[in-house]
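Asker: Sharing entry-v1.cif (mmCIF, C-alpha atoms) below.
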data_structure
loop_
_atom_site.label_atom_id
_atom_site.label_comp_id
_atom_site.auth_asym_id
_atom_site.auth_seq_id
_atom_site.Cartn_x
_atom_site.Cartn_y
_atom_site.Cartn_z
CA MET A 255 0.00 0.00 0.00
CA ASP A 256 1.04 3.61 -0.45
CA GLY A 257 3.00 4.86 2.55
CA ASP A 258 3.71 2.93 5.73
CA ARG A 259 1.16 1.10 7.81
CA SER A 260 0.87 3.85 10.39
CA GLY A 261 -0.08 6.29 7.63
CA TRP A 262 -2.96 4.05 6.59
CA ARG A 263 -4.20 3.29 10.10
CA PRO A 264 -6.66 6.24 10.41
CA CYS A 265 -8.11 5.49 6.97
CA LEU A 266 -8.63 1.81 7.78
CA LEU A 267 -10.11 2.57 11.21
CA ALA A 268 -12.57 4.99 9.62
CA GLY A 269 -13.42 2.24 7.13
CA ALA A 270 -14.07 -0.19 9.99
CA VAL A 271 -16.49 2.29 11.59
CA PHE A 272 -18.21 2.69 8.20
CA ALA A 273 -18.58 -1.10 7.89
CA VAL A 274 -20.10 -1.44 11.37
CA CYS A 275 -22.74 1.17 10.62
CA MET A 276 -23.69 -0.36 7.27
CA ALA A 277 -23.84 -3.87 8.75
CA GLY A 278 -26.59 -2.67 11.07
CA THR A 279 -28.78 -1.66 8.13
CA THR A 280 -29.00 -5.24 6.81
CA LEU A 281 -28.86 -7.06 10.15
CA PRO A 282 -32.63 -7.84 10.31
CA THR A 283 -32.71 -9.47 6.85
CA PRO A 284 -32.60 -13.16 7.84
CA LEU A 285 -34.80 -12.48 10.88
CA TYR A 286 -37.94 -11.21 9.11
CA GLY A 287 -39.43 -14.71 9.00
CA LEU A 288 -39.04 -15.01 12.77
CA TYR A 289 -40.71 -11.64 13.28
CA GLN A 290 -43.47 -12.72 10.91
CA ASP A 291 -44.10 -15.83 13.01
CA LYS A 292 -43.98 -13.81 16.24
CA PHE A 293 -46.25 -10.92 15.21
CA GLY A 294 -48.31 -12.60 12.48
CA PHE A 295 -47.96 -9.99 9.74
CA SER A 296 -48.08 -10.42 5.95
CA GLU A 297 -45.43 -10.32 3.23
CA LEU A 298 -46.60 -6.78 2.41
CA THR A 299 -45.70 -5.70 5.94
CA ILE A 300 -42.23 -7.20 5.54
CA THR A 301 -41.62 -5.21 2.38
CA VAL A 302 -42.94 -1.96 3.91
CA VAL A 303 -40.80 -2.46 7.03
CA TYR A 304 -37.82 -2.93 4.76
CA ALA A 305 -38.68 0.06 2.54
CA VAL A 306 -39.03 2.47 5.48
CA TYR A 307 -35.23 2.31 5.67
CA ALA A 308 -34.91 3.75 2.16
CA PHE A 309 -37.27 6.62 2.99
CA GLY A 310 -35.00 7.54 5.91
CA VAL A 311 -31.92 7.50 3.67
CA ILE A 312 -33.61 9.62 0.99
CA GLY A 313 -34.80 12.17 3.57
CA VAL A 314 -31.28 12.65 4.92
CA LEU A 315 -29.75 12.87 1.45
CA LEU A 316 -32.24 15.57 0.48
CA LEU A 317 -32.08 17.61 3.68
CA ALA A 318 -28.68 17.02 5.29
CA GLY A 319 -26.38 15.54 2.68
CA ASN A 320 -23.84 18.37 2.96
CA VAL A 321 -23.96 19.03 6.72
CA SER A 322 -20.57 17.42 7.35
CA ASP A 323 -18.93 20.06 5.13
CA ALA A 324 -19.97 22.65 7.71
CA VAL A 325 -19.84 21.01 11.14
CA GLY A 326 -17.19 18.38 10.39
CA ARG A 327 -17.13 14.68 9.63
CA ARG A 328 -16.87 13.36 13.18
CA PRO A 329 -20.01 15.04 14.63
CA VAL A 330 -22.10 13.79 11.71
CA LEU A 331 -20.72 10.27 11.97
CA LEU A 332 -21.24 10.24 15.74
CA ALA A 333 -24.86 11.23 15.11
CA GLY A 334 -25.08 8.39 12.60
CA LEU A 335 -23.78 5.94 15.19
CA GLY A 336 -26.32 7.34 17.65
CA PHE A 337 -29.13 6.55 15.21
CA ALA A 338 -27.64 3.08 14.65
CA ALA A 339 -27.62 2.44 18.40
CA ALA A 340 -31.20 3.68 18.73
CA SER A 341 -32.20 1.35 15.90
CA ALA A 342 -30.65 -1.63 17.68
CA VAL A 343 -32.49 -0.68 20.88
CA CYS A 344 -35.80 -0.61 18.97
CA PHE A 345 -35.23 -4.15 17.74
CA LEU A 346 -34.20 -5.28 21.23
CA CYS A 347 -37.44 -3.83 22.64
CA ALA A 348 -39.66 -5.01 19.77
CA ASP A 349 -42.96 -6.42 21.02
CA SER A 350 -45.01 -5.23 18.04
CA VAL A 351 -44.47 -4.33 14.40
CA GLY A 352 -44.36 -0.61 15.30
CA TRP A 353 -40.92 -1.12 16.85
CA LEU A 354 -39.71 -2.64 13.58
CA TYR A 355 -40.85 0.43 11.64
CA ALA A 356 -39.07 2.71 14.09
CA GLY A 357 -35.91 0.63 14.02
CA ARG A 358 -35.76 0.62 10.22
CA LEU A 359 -36.39 4.36 9.98
CA LEU A 360 -33.59 5.09 12.46
CA SER A 361 -31.34 2.73 10.53
CA GLY A 362 -32.09 4.68 7.35
CA LEU A 363 -31.22 7.97 9.04
CA SER A 364 -27.94 6.43 10.18
CA ALA A 365 -27.08 5.17 6.69
CA GLY A 366 -28.06 8.49 5.13
CA LEU A 367 -25.61 10.36 7.35
CA PHE A 368 -22.84 7.82 6.73
CA THR A 369 -23.24 7.40 2.96
CA GLY A 370 -21.60 10.69 2.04
CA ALA A 371 -19.73 11.76 5.16
CA ALA A 372 -18.00 8.43 5.84
CA THR A 373 -16.96 7.99 2.21
CA VAL A 374 -15.32 11.42 2.19
CA PHE A 375 -13.80 10.83 5.65
CA VAL A 376 -12.10 7.63 4.48
CA LEU A 377 -10.69 9.42 1.41
CA GLU A 378 -9.47 12.41 3.44
CA LEU A 379 -7.68 10.22 5.98
CA ALA A 380 -5.67 8.36 3.33
CA PRO A 381 -1.95 9.18 3.13
CA PRO A 382 -0.70 11.30 0.23
CA GLY A 383 -0.80 9.44 -3.06
CA GLY A 384 -3.27 6.87 -1.79
CA SER A 385 -6.53 8.21 -3.20
CA SER A 386 -7.07 5.27 -5.57
CA ARG A 387 -6.64 2.67 -2.85
CA ALA A 388 -8.71 4.74 -0.43
CA THR A 389 -11.56 4.77 -2.96
CA PHE A 390 -11.42 0.97 -2.98
CA VAL A 391 -11.40 0.93 0.84
CA ALA A 392 -14.53 3.11 0.93
CA THR A 393 -16.27 0.92 -1.65
CA ALA A 394 -15.24 -2.35 -0.03
CA VAL A 395 -16.26 -1.42 3.51
CA ASN A 396 -19.60 -0.04 2.33
CA MET A 397 -20.67 -3.15 0.41
CA GLY A 398 -18.72 -5.47 2.71
CA GLY A 399 -20.50 -4.05 5.74
CA LEU A 400 -23.87 -4.48 4.05
CA GLY A 401 -22.94 -8.11 3.36
CA CYS A 402 -21.69 -8.81 6.87
CA GLY A 403 -24.99 -7.73 8.45
CA PRO A 404 -27.18 -10.64 7.23
CA LEU A 405 -24.29 -13.07 7.51
CA LEU A 406 -23.70 -12.18 11.18
CA ALA A 407 -27.39 -12.20 12.07
CA GLY A 408 -27.99 -15.47 10.24
CA LEU A 409 -25.14 -17.24 12.00
CA LEU A 410 -26.15 -15.97 15.44
CA ALA A 411 -29.83 -16.72 14.88
CA GLN A 412 -29.09 -20.26 13.72
CA TYR A 413 -26.31 -21.35 16.04
CA ALA A 414 -26.57 -19.17 19.16
CA VAL A 415 -29.27 -18.29 21.69
CA TRP A 416 -31.90 -15.50 21.58
CA PRO A 417 -32.06 -15.18 17.77
CA LEU A 418 -34.13 -11.96 17.85
CA TYR A 419 -31.97 -10.27 20.48
CA LEU A 420 -28.34 -11.42 20.33
CA PRO A 421 -27.57 -10.00 16.83
CA PHE A 422 -28.67 -6.51 17.93
CA ALA A 423 -26.88 -6.75 21.28
CA VAL A 424 -23.66 -7.63 19.44
CA HIS A 425 -24.19 -4.77 17.00
CA LEU A 426 -24.84 -2.35 19.87
CA ALA A 427 -21.48 -3.35 21.37
CA LEU A 428 -19.79 -2.85 17.99
CA VAL A 429 -21.39 0.60 17.66
CA ALA A 430 -20.08 1.58 21.10
CA ALA A 431 -16.58 0.43 20.15
CA SER A 432 -16.87 2.33 16.85
CA ALA A 433 -17.78 5.53 18.68
CA ALA A 434 -14.66 5.16 20.84
CA VAL A 435 -12.54 4.67 17.71
CA LEU A 436 -14.15 7.63 15.95
CA LEU A 437 -13.40 9.97 18.86
CA ARG A 438 -9.69 9.17 18.47
CA LEU A 439 -9.59 9.94 14.75
CA PRO A 440 -8.63 13.43 13.58
CA GLU A 441 -11.20 15.84 12.16
CA THR A 442 -10.51 16.47 8.47
CA VAL A 443 -12.65 19.59 7.96
CA ARG A 444 -10.50 22.62 8.77
CA ASP A 445 -13.00 25.45 8.28
CA LEU A 446 -15.72 24.43 10.73
CA ARG A 447 -18.96 26.42 10.70
CA PRO A 448 -22.16 26.40 12.78
CA LEU A 449 -24.93 23.99 11.81
CA ARG A 450 -27.20 26.87 10.82
CA THR A 451 -24.87 27.70 7.92
CA ALA A 452 -25.53 24.32 6.27
CA ARG A 453 -28.25 24.66 3.67
CA PRO A 454 -30.04 21.73 1.98
CA GLN A 455 -28.63 21.17 -1.49
CA PRO A 456 -31.53 19.86 -3.57
CA PRO A 457 -30.76 17.39 -6.37
CA SER A 458 -30.46 19.05 -9.77
CA LEU A 459 -29.57 18.09 -13.32
CA PRO A 460 -27.60 20.54 -15.50
CA ARG A 461 -28.44 20.21 -19.17
CA GLN A 462 -25.15 18.53 -20.16
CA VAL A 463 -25.68 15.77 -17.57
CA ARG A 464 -29.17 14.70 -18.66
CA PRO A 465 -28.22 12.39 -21.58
CA VAL A 466 -25.86 10.48 -19.26
CA PHE A 467 -28.06 10.64 -16.18
CA GLY A 468 -31.13 8.92 -17.65
CA PRO A 469 -29.65 5.51 -18.49
CA SER A 470 -27.29 5.70 -15.50
CA ALA A 471 -30.23 6.28 -13.17
CA ILE A 472 -32.24 3.42 -14.71
CA ALA A 473 -29.36 0.97 -14.31
CA SER A 474 -28.85 2.12 -10.71
CA PHE A 475 -32.58 1.80 -10.01
CA VAL A 476 -32.70 -1.78 -11.28
CA GLY A 477 -29.52 -2.81 -9.43
CA PHE A 478 -30.77 -1.44 -6.12
CA ALA A 479 -34.26 -2.88 -6.73
CA LEU A 480 -32.70 -6.33 -7.09
CA PHE A 481 -30.83 -5.81 -3.83
CA GLY A 482 -34.09 -4.70 -2.24
CA VAL A 483 -35.84 -7.90 -3.28
CA PHE A 484 -32.96 -10.09 -2.13
CA THR A 485 -32.80 -8.44 1.27
CA SER A 486 -36.54 -8.27 1.93
CA VAL A 487 -38.33 -11.29 0.44
CA SER A 488 -35.65 -13.83 -0.48
CA PRO A 489 -35.57 -15.32 3.06
CA SER A 490 -39.34 -15.90 2.78
CA PHE A 491 -38.92 -17.53 -0.64
CA LEU A 492 -36.14 -19.76 0.67
CA ALA A 493 -38.28 -20.83 3.62
CA GLN A 494 -41.66 -21.19 1.90
CA SER A 495 -40.76 -22.49 -1.56
CA LEU A 496 -37.40 -24.18 -1.04
CA HIS A 497 -37.98 -25.26 2.58
CA VAL A 498 -34.63 -23.79 3.62
CA GLY A 499 -35.14 -22.97 7.28
CA ASN A 500 -31.48 -22.39 8.09
CA HIS A 501 -31.08 -18.69 8.92
CA ALA A 502 -27.35 -18.83 8.24
CA VAL A 503 -28.02 -19.96 4.67
CA SER A 504 -30.56 -17.16 4.17
CA GLY A 505 -28.06 -14.62 5.46
CA LEU A 506 -25.28 -16.03 3.29
CA VAL A 507 -27.35 -15.80 0.08
CA VAL A 508 -28.00 -12.11 0.70
CA ALA A 509 -24.39 -11.48 1.75
CA LEU A 510 -23.11 -13.00 -1.49
CA ALA A 511 -24.91 -10.31 -3.52
CA PHE A 512 -23.21 -7.50 -1.59
CA PHE A 513 -19.79 -9.15 -1.69
CA ALA A 514 -20.14 -9.71 -5.43
CA SER A 515 -20.97 -6.02 -5.85
CA THR A 516 -17.49 -5.15 -4.58
CA ALA A 517 -16.00 -7.44 -7.22
CA GLY A 518 -18.17 -5.81 -9.89
CA GLN A 519 -17.03 -2.34 -8.87
CA LEU A 520 -13.41 -3.42 -9.12
CA LEU A 521 -14.02 -4.53 -12.72
CA VAL A 522 -14.92 -0.98 -13.76
CA GLY A 523 -11.27 0.00 -13.65
CA ARG A 524 -10.50 -2.73 -16.17
CA VAL A 525 -13.36 -2.33 -18.62
CA GLY A 526 -13.80 1.46 -18.39
CA VAL A 527 -16.87 3.54 -17.58
CA GLY A 528 -18.18 3.56 -21.15
CA ARG A 529 -18.27 -0.23 -21.32
CA SER A 530 -19.17 -0.92 -17.67
CA LEU A 531 -22.60 0.67 -17.90
CA PRO A 532 -23.98 -1.38 -20.85
CA LEU A 533 -22.11 -4.45 -19.58
CA GLY A 534 -23.63 -3.94 -16.14
CA CYS A 535 -27.09 -3.72 -17.73
CA ALA A 536 -26.47 -6.99 -19.58
CA VAL A 537 -25.29 -8.71 -16.39
CA LEU A 538 -28.32 -7.41 -14.49
CA PHE A 539 -30.56 -8.81 -17.24
CA LEU A 540 -28.84 -12.20 -16.82
CA ALA A 541 -29.37 -11.99 -13.05
CA LEU A 542 -33.07 -11.33 -13.61
CA ALA A 543 -33.27 -14.35 -15.92
CA LEU A 544 -31.57 -16.54 -13.31
CA LEU A 545 -33.92 -15.26 -10.61
CA ALA A 546 -36.92 -16.03 -12.85
CA GLY A 547 -35.58 -19.56 -13.30
CA ALA A 548 -35.13 -19.90 -9.55
CA LEU A 549 -38.73 -18.82 -8.92
CA TYR A 550 -40.13 -21.04 -11.68
CA ARG A 551 -38.10 -24.18 -10.88
CA ASP A 552 -37.64 -23.69 -7.09
CA LEU A 553 -33.88 -24.26 -7.29
CA LEU A 554 -31.53 -23.03 -4.57
CA SER A 555 -28.56 -23.18 -6.94
CA LEU A 556 -30.23 -20.63 -9.24
CA VAL A 557 -31.01 -18.35 -6.28
CA VAL A 558 -27.32 -18.37 -5.33
CA ALA A 559 -26.25 -17.83 -8.94
CA SER A 560 -28.69 -14.93 -9.37
CA ALA A 561 -27.40 -13.29 -6.16
CA LEU A 562 -23.80 -13.49 -7.36
CA VAL A 563 -24.58 -12.26 -10.88
CA ALA A 564 -26.86 -9.49 -9.57
CA GLY A 565 -24.09 -8.26 -7.28
CA ILE A 566 -21.57 -8.12 -10.10
CA GLY A 567 -24.04 -6.36 -12.39
CA GLN A 568 -24.99 -3.86 -9.70
CA GLY A 569 -21.35 -3.13 -8.94
CA LEU A 570 -20.49 -2.61 -12.60
CA SER A 571 -23.49 -0.44 -13.36
CA PHE A 572 -23.51 1.65 -10.21
CA ARG A 573 -19.83 2.53 -10.09
CA GLY A 574 -19.98 3.20 -13.82
CA ALA A 575 -23.04 5.40 -13.28
CA LEU A 576 -21.34 7.35 -10.49
CA SER A 577 -18.22 7.91 -12.60
CA ALA A 578 -20.26 8.91 -15.64
CA VAL A 579 -22.51 11.45 -13.95
CA ALA A 580 -19.66 12.87 -11.86
CA GLY A 581 -17.52 13.28 -14.98
CA ALA A 582 -20.34 14.99 -16.87
CA SER A 583 -21.22 17.38 -14.03
CA PRO A 584 -19.81 20.88 -13.51
CA ALA A 585 -17.64 20.97 -10.40
CA ASP A 586 -19.99 23.33 -8.55
CA ARG A 587 -23.03 21.09 -9.21
CA ARG A 588 -21.43 17.67 -8.77
CA ALA A 589 -22.65 17.02 -5.24
CA ALA A 590 -26.24 17.86 -6.19
CA VAL A 591 -26.13 15.60 -9.25
CA ILE A 592 -24.69 12.66 -7.29
CA SER A 593 -27.35 13.20 -4.62
CA ALA A 594 -29.99 12.93 -7.35
CA LEU A 595 -28.49 9.61 -8.48
CA PHE A 596 -28.56 8.26 -4.91
CA VAL A 597 -32.17 9.36 -4.51
CA VAL A 598 -33.13 7.38 -7.64
CA ALA A 599 -31.11 4.37 -6.46
CA TYR A 600 -32.72 4.29 -3.01
CA THR A 601 -36.14 4.76 -4.58
CA GLY A 602 -35.32 1.49 -6.36
CA ILE A 603 -34.84 -0.17 -2.99
CA SER A 604 -38.25 0.93 -1.73
CA VAL A 605 -40.97 1.33 -4.38
CA PRO A 606 -40.55 -1.94 -6.36
CA VAL A 607 -40.18 -3.92 -3.14
CA ILE A 608 -43.48 -2.56 -1.83
CA GLY A 609 -45.03 -3.43 -5.20
CA VAL A 610 -43.89 -7.03 -4.76
CA GLY A 611 -45.47 -7.07 -1.31
CA VAL A 612 -48.77 -5.78 -2.69
CA LEU A 613 -48.85 -8.49 -5.38
CA VAL A 614 -47.98 -11.38 -3.06
CA GLY A 615 -51.55 -11.55 -1.74
CA PRO A 616 -53.37 -12.10 -5.06
CA MET A 617 -50.51 -13.74 -7.00
CA GLY A 618 -48.33 -15.52 -4.48
CA LEU A 619 -44.63 -14.93 -3.89
CA GLU A 620 -43.50 -16.55 -7.14
CA GLY A 621 -46.05 -14.70 -9.28
CA ALA A 622 -45.23 -11.35 -7.68
CA GLY A 623 -41.54 -12.01 -8.21
CA LEU A 624 -42.04 -12.81 -11.89
CA VAL A 625 -43.98 -9.56 -12.43
CA PHE A 626 -41.17 -7.65 -10.75
CA ILE A 627 -38.59 -9.40 -12.93
CA ALA A 628 -40.51 -8.59 -16.12
CA CYS A 629 -40.76 -4.88 -15.22
CA MET A 630 -37.09 -4.62 -14.27
CA ALA A 631 -36.04 -6.51 -17.42
CA VAL A 632 -37.86 -3.97 -19.60
CA LEU A 633 -36.17 -1.06 -17.80
CA VAL A 634 -32.65 -2.47 -17.88
CA SER A 635 -33.01 -3.57 -21.52
CA ALA A 636 -34.08 -0.05 -22.52
CA ALA A 637 -31.14 1.46 -20.65
CA GLY A 638 -28.69 -1.01 -22.18
CA ALA A 639 -30.00 -0.41 -25.71
CA TYR A 640 -29.71 3.35 -25.26
CA LEU A 641 -26.14 3.03 -23.99
CA LEU A 642 -25.16 0.87 -26.96
CA ARG A 643 -26.51 3.51 -29.35
CA ARG A 644 -24.99 6.42 -27.44
CA PRO A 645 -21.95 5.15 -25.52
CA VAL A 646 -20.82 7.08 -22.45
CA ARG A 647 -17.26 8.29 -22.97
CA ILE A 648 -16.89 10.50 -19.91
CA GLY A 649 -14.40 9.22 -17.40
CA ASP A 650 -12.84 6.57 -19.66
#
In structure tokens, write the structure found in this file.
Answerer:
Amino acid sequence: MDGDRSGWRPCLLAGAVFAVCMAGTTLPTPLYGLYQDKFGFSELTITVVYAVYAFGVIGVLLLAGNVSDAVGRRPVLLAGLGFAAASAVCFLCADSVGWLYAGRLLSGLSAGLFTGAATVFVLELAPPGGSSRATFVATAVNMGGLGCGPLLAGLLAQYAVWPLYLPFAVHLALVAASAAVLLRLPETVRDLRPLRTARPQPPSLPRQVRPVFGPSAIASFVGFALFGVFTSVSPSFLAQSLHVGNHAVSGLVVALAFFASTAGQLLVGRVGVGRSLPLGCAVLFLALALLAGALYRDLLSLVVASALVAGIGQGLSFRGALSAVAGASPADRRAAVISALFVVAYTGISVPVIGVGVLVGPMGLEGAGLVFIACMAVLVSAAGAYLLRRPVRIGD
């Protein structure tokens, strides 16, 4: 790595804090079936509980995405850890579905604060000349943390005691340790200003960005929608249709998608932004086809394959989309444009997932999933076709 190990220590510690926070956002994934048995709610409720998280993220991105530029990175990240701790407490106290809604909303607020501030913090703490590797650290800990959440919860729920309590108690301890680490890291914002000076920076699209933004946003929407389905309803499908009651297996399937996303993002550097976007669309289409086969044939092997392929496609398309829209944006509007892309992406996590939940009642889980797949296939095919006709050259 660039520089000596001591020079990289603050960057890596900040990355570890980032990973802990993001792990908390996916921690309940393999536990939804247990909550469903305990509280007796429907598949629609599961999807709405899951989607509440995305609404929290979107709200923070719209209203407080640039607060850390004014008050500093550490106060914002400490607030994010506070929301993460409050989320864990809600799940520990859960005796009705209302606690689950509250816990997911607080988790979304935590992730919204971390998404921008922690990424920048990791980059700013890297030693001189290490920006490229620091970008990989930020990417890896984000997706790696998201993957570790369901894996940790699944293992604890399956092989330890108190399956609905121990995962959140462990995460609460990790959050406390992360806060102690964060307090020892240096503040990277030099010109600190009062909170009142931070103004919401609404998403906007300059004219020169719009041709790139449309297909980039569609690919991001589909990739995040796939992740939303995997993290909300795949445990139910595994249990109901494939009779896989092992929570560790459910958590591992979801984790594989997030881990594969990191691999997909790494491929962008090799294939280039212009090729990664249409290639990512093609890979997402393949993932949708595999998921359709899994639903139709009730095959665990196809579920695993679709998770891996979806992760690679999402990583390719989303990092390519970020690079494309950032490269096309004027410097003074870049943050607003990227915020707009994140808003579209997190809308993909919420709206289609709720649609699946609505359709489960009249159509069943498999039928609802196939309708979702058909809609997403149309979107990603249109984006891929557009990108083949008008290749993105920015950032190559």
Asker: Compile a residue-level contact table for segment 373-426 of chain A against segment 480-496 of chain A at a cut-off of 12 Å, reporting for every qualifying residue the shortest atom pair and its distance in Å to one decimal, with only C-alpha atoms counted, rows ordered by chain and ascending number, as JSON lines.
Answerer:
{"residue": "A:Met397", "atom": "CA", "partner": "A:Phe481", "partner_atom": "CA", "distance": 11.3}
{"residue": "A:Leu400", "atom": "CA", "partner": "A:Thr485", "partner_atom": "CA", "distance": 10.2}
{"residue": "A:Gly401", "atom": "CA", "partner": "A:Thr485", "partner_atom": "CA", "distance": 10.1}
{"residue": "A:Gly403", "atom": "CA", "partner": "A:Thr485", "partner_atom": "CA", "distance": 10.6}
{"residue": "A:Pro404", "atom": "CA", "partner": "A:Thr485", "partner_atom": "CA", "distance": 8.5}
{"residue": "A:Leu405", "atom": "CA", "partner": "A:Thr485", "partner_atom": "CA", "distance": 11.5}
{"residue": "A:Gly408", "atom": "CA", "partner": "A:Pro489", "partner_atom": "CA", "distance": 10.4}
Asker: Carefully work through the PyMOL selection byres ((chain A and resi 407) around 9) for this structure and note down the residues it includes, as a ChimeraX atom specification.
Answerer: /A:280-285,402-406,408-412,417-418,420-422,501-502,505
Asker: Exactly which residues make up the result of the PyMOL selection byres ((chain A and resi 423) around 12) on this file, given as an NGL selection string?
Answerer: :A and (278 or 281 or 338-347 or 406-407 or 410 or 415-422 or 424-430)
Asker: Draw an axis-aligned box tight on the listed atoms of segment 320-328 of chain A, then pad every side by 8 Å and write out centre and edge lengths in Å to one decimal as lines of an AutoDock Vina configuration file.
Answerer:
center_x = -20.4
center_y = 18.0
center_z = 8.1
size_x = 23.1
size_y = 25.3
size_z = 26.2
Asker: For the structure provided, state which residues fall under the PyMOL selection byres ((chain A and resi 528-536) around 10), and present them as a PyMOL selection string.
Answerer: chain A and resi 469-470+472-474+476-477+518-519+521-527+537-542+563-575+577-578+631+633-642+644-650
Asker: Those same residues, written as a PDB file, in the coordinates of the input with C-alpha atoms?
Answerer:
ATOM      1  CA  PRO A 469     -29.650   5.510 -18.490  1.00  0.00           C
ATOM      2  CA  SER A 470     -27.290   5.700 -15.500  1.00  0.00           C
ATOM      3  CA  ILE A 472     -32.240   3.420 -14.710  1.00  0.00           C
ATOM      4  CA  ALA A 473     -29.360   0.970 -14.310  1.00  0.00           C
ATOM      5  CA  SER A 474     -28.850   2.120 -10.710  1.00  0.00           C
ATOM      6  CA  VAL A 476     -32.700  -1.780 -11.280  1.00  0.00           C
ATOM      7  CA  GLY A 477     -29.520  -2.810  -9.430  1.00  0.00           C
ATOM      8  CA  GLY A 518     -18.170  -5.810  -9.890  1.00  0.00           C
ATOM      9  CA  GLN A 519     -17.030  -2.340  -8.870  1.00  0.00           C
ATOM     10  CA  LEU A 521     -14.020  -4.530 -12.720  1.00  0.00           C
ATOM     11  CA  VAL A 522     -14.920  -0.980 -13.760  1.00  0.00           C
ATOM     12  CA  GLY A 523     -11.270   0.000 -13.650  1.00  0.00           C
ATOM     13  CA  ARG A 524     -10.500  -2.730 -16.170  1.00  0.00           C
ATOM     14  CA  VAL A 525     -13.360  -2.330 -18.620  1.00  0.00           C
ATOM     15  CA  GLY A 526     -13.800   1.460 -18.390  1.00  0.00           C
ATOM     16  CA  VAL A 527     -16.870   3.540 -17.580  1.00  0.00           C
ATOM     17  CA  VAL A 537     -25.290  -8.710 -16.390  1.00  0.00           C
ATOM     18  CA  LEU A 538     -28.320  -7.410 -14.490  1.00  0.00           C
ATOM     19  CA  PHE A 539     -30.560  -8.810 -17.240  1.00  0.00           C
ATOM     20  CA  LEU A 540     -28.840 -12.200 -16.820  1.00  0.00           C
ATOM     21  CA  ALA A 541     -29.370 -11.990 -13.050  1.00  0.00           C
ATOM     22  CA  LEU A 542     -33.070 -11.330 -13.610  1.00  0.00           C
ATOM     23  CA  VAL A 563     -24.580 -12.260 -10.880  1.00  0.00           C
ATOM     24  CA  ALA A 564     -26.860  -9.490  -9.570  1.00  0.00           C
ATOM     25  CA  GLY A 565     -24.090  -8.260  -7.280  1.00  0.00           C
ATOM     26  CA  ILE A 566     -21.570  -8.120 -10.100  1.00  0.00           C
ATOM     27  CA  GLY A 567     -24.040  -6.360 -12.390  1.00  0.00           C
ATOM     28  CA  GLN A 568     -24.990  -3.860  -9.700  1.00  0.00           C
ATOM     29  CA  GLY A 569     -21.350  -3.130  -8.940  1.00  0.00           C
ATOM     30  CA  LEU A 570     -20.490  -2.610 -12.600  1.00  0.00           C
ATOM     31  CA  SER A 571     -23.490  -0.440 -13.360  1.00  0.00           C
ATOM     32  CA  PHE A 572     -23.510   1.650 -10.210  1.00  0.00           C
ATOM     33  CA  ARG A 573     -19.830   2.530 -10.090  1.00  0.00           C
ATOM     34  CA  GLY A 574     -19.980   3.200 -13.820  1.00  0.00           C
ATOM     35  CA  ALA A 575     -23.040   5.400 -13.280  1.00  0.00           C
ATOM     36  CA  SER A 577     -18.220   7.910 -12.600  1.00  0.00           C
ATOM     37  CA  ALA A 578     -20.260   8.910 -15.640  1.00  0.00           C
ATOM     38  CA  ALA A 631     -36.040  -6.510 -17.420  1.00  0.00           C
ATOM     39  CA  LEU A 633     -36.170  -1.060 -17.800  1.00  0.00           C
ATOM     40  CA  VAL A 634     -32.650  -2.470 -17.880  1.00  0.00           C
ATOM     41  CA  SER A 635     -33.010  -3.570 -21.520  1.00  0.00           C
ATOM     42  CA  ALA A 636     -34.080  -0.050 -22.520  1.00  0.00           C
ATOM     43  CA  ALA A 637     -31.140   1.460 -20.650  1.00  0.00           C
ATOM     44  CA  GLY A 638     -28.690  -1.010 -22.180  1.00  0.00           C
ATOM     45  CA  ALA A 639     -30.000  -0.410 -25.710  1.00  0.00           C
ATOM     46  CA  TYR A 640     -29.710   3.350 -25.260  1.00  0.00           C
ATOM     47  CA  LEU A 641     -26.140   3.030 -23.990  1.00  0.00           C
ATOM     48  CA  LEU A 642     -25.160   0.870 -26.960  1.00  0.00           C
ATOM     49  CA  ARG A 644     -24.990   6.420 -27.440  1.00  0.00           C
ATOM     50  CA  PRO A 645     -21.950   5.150 -25.520  1.00  0.00           C
ATOM     51  CA  VAL A 646     -20.820   7.080 -22.450  1.00  0.00           C
ATOM     52  CA  ARG A 647     -17.260   8.290 -22.970  1.00  0.00           C
ATOM     53  CA  ILE A 648     -16.890  10.500 -19.910  1.00  0.00           C
ATOM     54  CA  GLY A 649     -14.400   9.220 -17.400  1.00  0.00           C
ATOM     55  CA  ASP A 650     -12.840   6.570 -19.660  1.00  0.00           C
TER      56      ASP A 650
END
Asker: Which polymer residues, protein or nucleic acid, are no farther than 10 Å from (-25.3, 8.0, 15.0), counting only C-alpha atoms, as a VMD selection string?
Answerer: chain A and resid 275 329 to 341 360 to 361 363 to 365 367 to 368 429 433
Asker: Take the selection from the previous step and output its residues with C-alpha atoms, as a short mmCIF file (atom, residue, chain, number, x, y, z; two decimals), in the coordinates of the input.
Answerer:
data_model
loop_
_atom_site.label_atom_id
_atom_site.label_comp_id
_atom_site.auth_asym_id
_atom_site.auth_seq_id
_atom_site.Cartn_x
_atom_site.Cartn_y
_atom_site.Cartn_z
CA CYS A 275 -22.74 1.17 10.62
CA PRO A 329 -20.01 15.04 14.63
CA VAL A 330 -22.10 13.79 11.71
CA LEU A 331 -20.72 10.27 11.97
CA LEU A 332 -21.24 10.24 15.74
CA ALA A 333 -24.86 11.23 15.11
CA GLY A 334 -25.08 8.39 12.60
CA LEU A 335 -23.78 5.94 15.19
CA GLY A 336 -26.32 7.34 17.65
CA PHE A 337 -29.13 6.55 15.21
CA ALA A 338 -27.64 3.08 14.65
CA ALA A 339 -27.62 2.44 18.40
CA ALA A 340 -31.20 3.68 18.73
CA SER A 341 -32.20 1.35 15.90
CA LEU A 360 -33.59 5.09 12.46
CA SER A 361 -31.34 2.73 10.53
CA LEU A 363 -31.22 7.97 9.04
CA SER A 364 -27.94 6.43 10.18
CA ALA A 365 -27.08 5.17 6.69
CA LEU A 367 -25.61 10.36 7.35
CA PHE A 368 -22.84 7.82 6.73
CA VAL A 429 -21.39 0.60 17.66
CA ALA A 433 -17.78 5.53 18.68
#
